[in-house]
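First the structure, in the form of structure tokens, and then the observations on it.
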Amino acid sequence: MGSLQSSQVRYVRYAAEGEYRMTRERTETKLLSLVDILEPLSREELEVLAARCPDIRLKKGEEYYRSEEHDGGLFLIKEGRVRVYKLTPTGKQLTLALISAGTALSSRRLQGLHAQALEPSVIAFMRRQELERLICESPEVGLRLVDLLAERLRLIDERMSDVIHKEVPARLASLVLQLLDTEGVVSSEGYEIAGPYTYEELGTMIGAKRVAVTRAFKRLREEGAVEVERGRIRVRGVDALERIAEEER
């Protein structure tokens, strides 16, 4: 009788473990299917890719790029948010890109830079050989990757131009419009940036100190453009934001 009970317990445990693995695999495949450049892939292709690209689980503030290990590959952002930043000669951080779940990040883009999780995140890494195989088998993925990288460069160029030619309120307005385009959601009170973002984080994106960001938000609120509560930005007036964003020195 004891032997029979023991066998039943083992069977239940193995069945539970098998169900857990199947559920985890389905979840991993589902998250990969939400990555923009992988949309052309079938479920079977995504399952193969999930098995070849193990997850990396990151804590808030954890850096994950290592040039020797990740050279030439592709990070797939499955959950959370990450940022790419550089250190200036004086040690200040300048954020070059904010990347949310559902897209990819080339490791070649990170040479000489830093990559950090803004919140608990899950990413997968595709090695160079796997990336080459995928593009050969699915050229549409390669085309989407090229478009993605080109758009990222355009946004960085735009932000650097803002730093040179615009005062802090105009830079902040431009950034809020960018975030609204990439992360904006519709709430009961209008448009909202998913965030949240601290003033320090926003400052690293526009080359400004926290006190300057505070003053800039004061003006945006007075103009009826935004409201900020607990790090979440609510957009009240897109027209006002666009008008302020166009102001130059």
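In the structure tokens, each chain is lettered A, B, ... as it comes, each chain's residues begin at 1, and ligands are numbered from 1 in order of appearance.
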
- Item | Spatial neighbours of range 115-128 of chain A, 7 Å, only C-alpha atoms, chain gap at least 5 places, as a list in words | Cys53, Pro54, Asp55, Ile56, Arg57, Leu58, Lys59, Lys60, Gly61, Glu62, Glu63, Tyr64, Tyr65, Gly72, Gly73, Leu74, Phe75, Leu76, Ile77, Lys78, Glu79, Gly80, Arg81, Val82, Arg83, Val84 and Tyr85 of chain A

- Message: Set the distance at 12 Å and use only C-alpha atoms: which residues neighbour Phe217 in chain A once local chain neighbours fewer than 3 positions away are removed? I'd like the list as a ChimeraX atom specification.
- Response: /A:168-173,175-176,199,202-203,210-214,220-229,231,233-235,241,244

For the residues selected in the previous step, produce a file with N, CA and C atoms as a compact mmCIF listing (two decimals), in the first residue's frame.
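The result, stored in out-v2.txt:
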# COMPACT_ATOMS: atom_id res chain seq x y z
N VAL A 168 15.57 73.93 -21.66
CA VAL A 168 15.09 72.73 -20.97
C VAL A 168 13.58 72.51 -21.13
N PRO A 169 12.71 73.52 -21.00
CA PRO A 169 11.27 73.23 -21.18
C PRO A 169 10.94 72.65 -22.55
N ALA A 170 11.58 73.18 -23.60
CA ALA A 170 11.32 72.66 -24.95
C ALA A 170 11.86 71.24 -25.09
N ARG A 171 13.03 70.97 -24.50
CA ARG A 171 13.58 69.61 -24.53
C ARG A 171 12.65 68.64 -23.81
N LEU A 172 12.16 69.06 -22.65
CA LEU A 172 11.27 68.19 -21.88
C LEU A 172 9.97 67.94 -22.63
N ALA A 173 9.43 68.97 -23.25
CA ALA A 173 8.19 68.81 -24.03
C ALA A 173 8.41 67.82 -25.18
N LEU A 175 10.61 65.42 -25.28
CA LEU A 175 10.76 64.08 -24.70
C LEU A 175 9.41 63.49 -24.32
N VAL A 176 8.55 64.30 -23.71
CA VAL A 176 7.22 63.80 -23.33
C VAL A 176 6.45 63.36 -24.57
N TYR A 199 12.52 62.51 -11.82
CA TYR A 199 13.05 63.70 -12.47
C TYR A 199 14.52 63.51 -12.84
N LEU A 202 14.58 61.55 -16.13
CA LEU A 202 14.20 62.43 -17.24
C LEU A 202 15.33 63.40 -17.55
N GLY A 203 16.00 63.87 -16.51
CA GLY A 203 17.11 64.80 -16.71
C GLY A 203 18.25 64.18 -17.49
N ARG A 210 18.26 67.94 -12.13
CA ARG A 210 16.93 67.73 -11.57
C ARG A 210 16.21 69.05 -11.33
N VAL A 211 16.91 70.05 -10.81
CA VAL A 211 16.25 71.32 -10.50
C VAL A 211 15.73 71.98 -11.77
N ALA A 212 16.46 71.82 -12.88
CA ALA A 212 16.00 72.39 -14.15
C ALA A 212 14.77 71.65 -14.67
N VAL A 213 14.73 70.33 -14.46
CA VAL A 213 13.56 69.55 -14.86
C VAL A 213 12.35 69.97 -14.03
N THR A 214 12.55 70.21 -12.73
CA THR A 214 11.46 70.66 -11.86
C THR A 214 10.88 71.98 -12.36
N LEU A 220 5.32 73.58 -17.86
CA LEU A 220 4.40 72.73 -18.63
C LEU A 220 3.05 72.61 -17.94
N ARG A 221 3.07 72.56 -16.61
CA ARG A 221 1.79 72.52 -15.88
C ARG A 221 1.03 73.84 -16.04
N GLU A 222 1.76 74.94 -15.92
CA GLU A 222 1.11 76.25 -16.04
C GLU A 222 0.50 76.46 -17.43
N GLU A 223 1.13 75.84 -18.44
CA GLU A 223 0.62 75.96 -19.82
C GLU A 223 -0.51 74.97 -20.10
N GLY A 224 -0.85 74.16 -19.09
CA GLY A 224 -1.93 73.18 -19.28
C GLY A 224 -1.53 71.98 -20.12
N ALA A 225 -0.22 71.71 -20.20
CA ALA A 225 0.25 70.62 -21.05
C ALA A 225 0.27 69.28 -20.33
N VAL A 226 0.72 69.26 -19.06
CA VAL A 226 0.87 67.99 -18.34
C VAL A 226 0.51 68.15 -16.87
N GLU A 227 0.31 67.02 -16.22
CA GLU A 227 0.24 66.90 -14.77
C GLU A 227 1.13 65.73 -14.39
N VAL A 228 1.80 65.83 -13.25
CA VAL A 228 2.69 64.76 -12.79
C VAL A 228 2.27 64.34 -11.39
N GLU A 229 2.11 63.02 -11.22
CA GLU A 229 1.73 62.49 -9.91
C GLU A 229 2.45 61.17 -9.69
N GLY A 231 5.46 60.26 -10.20
CA GLY A 231 6.31 59.85 -11.30
C GLY A 231 5.59 59.54 -12.59
N ILE A 233 3.30 60.72 -15.73
CA ILE A 233 3.03 61.94 -16.48
C ILE A 233 1.71 61.79 -17.21
N ARG A 234 0.79 62.70 -16.92
CA ARG A 234 -0.49 62.72 -17.63
C ARG A 234 -0.50 63.91 -18.59
N VAL A 235 -0.78 63.64 -19.83
CA VAL A 235 -0.77 64.68 -20.85
C VAL A 235 -2.16 65.30 -20.93
N LEU A 241 2.00 71.04 -25.70
CA LEU A 241 3.30 70.36 -25.71
C LEU A 241 4.03 70.61 -27.02
N ILE A 244 5.39 74.21 -27.24
CA ILE A 244 6.57 74.43 -26.41
C ILE A 244 7.78 73.69 -27.00

- Query: Mind pulling up the distance from CA of Glu151 in chain A to CA of Asp36 in chain A?
  - Reply: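 Rounded to one decimal, the two atoms are 13.2 Å apart.
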
- Message: Can you measure CA of Leu180 in chain A to CA of Glu192 in chain A for me? One decimal in Å is fine.
- Response: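 Computed distance, CA of Leu180 in chain A to CA of Glu192 in chain A, equals 7.3 Å.
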
- Task: Pick out each residue of range 24-212 of chain A that DSSP on the backbone tags as strand (DSSP E); I need them as an MDAnalysis selection string.
- Result: chainID A and resid 55:58 74:79 81:87 93:100 103:106 114:117 121:126 184:187 190:193

- Item | Which of range 6-181 of chain A DSSP labels helix (DSSP H, G or I), written as a PyMOL selection string | chain A and resi 6-33+36-38+43-52+67-70+107-110+128-137+139-165+168-181

- 12 Å contact set for Gly142 in chain A, only C-alpha atoms, chain neighbours under 4 positions out, as a ChimeraX atom specification: /A:36-41,74,104,131-138,146-149

- Would you mind reading off the distance between CA of Leu46 in chain A and CA of Glu68 in chain A, one decimal, in Å?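 Answer for the CA of Leu46 in chain A to CA of Glu68 in chain A separation: 26.6 Å.
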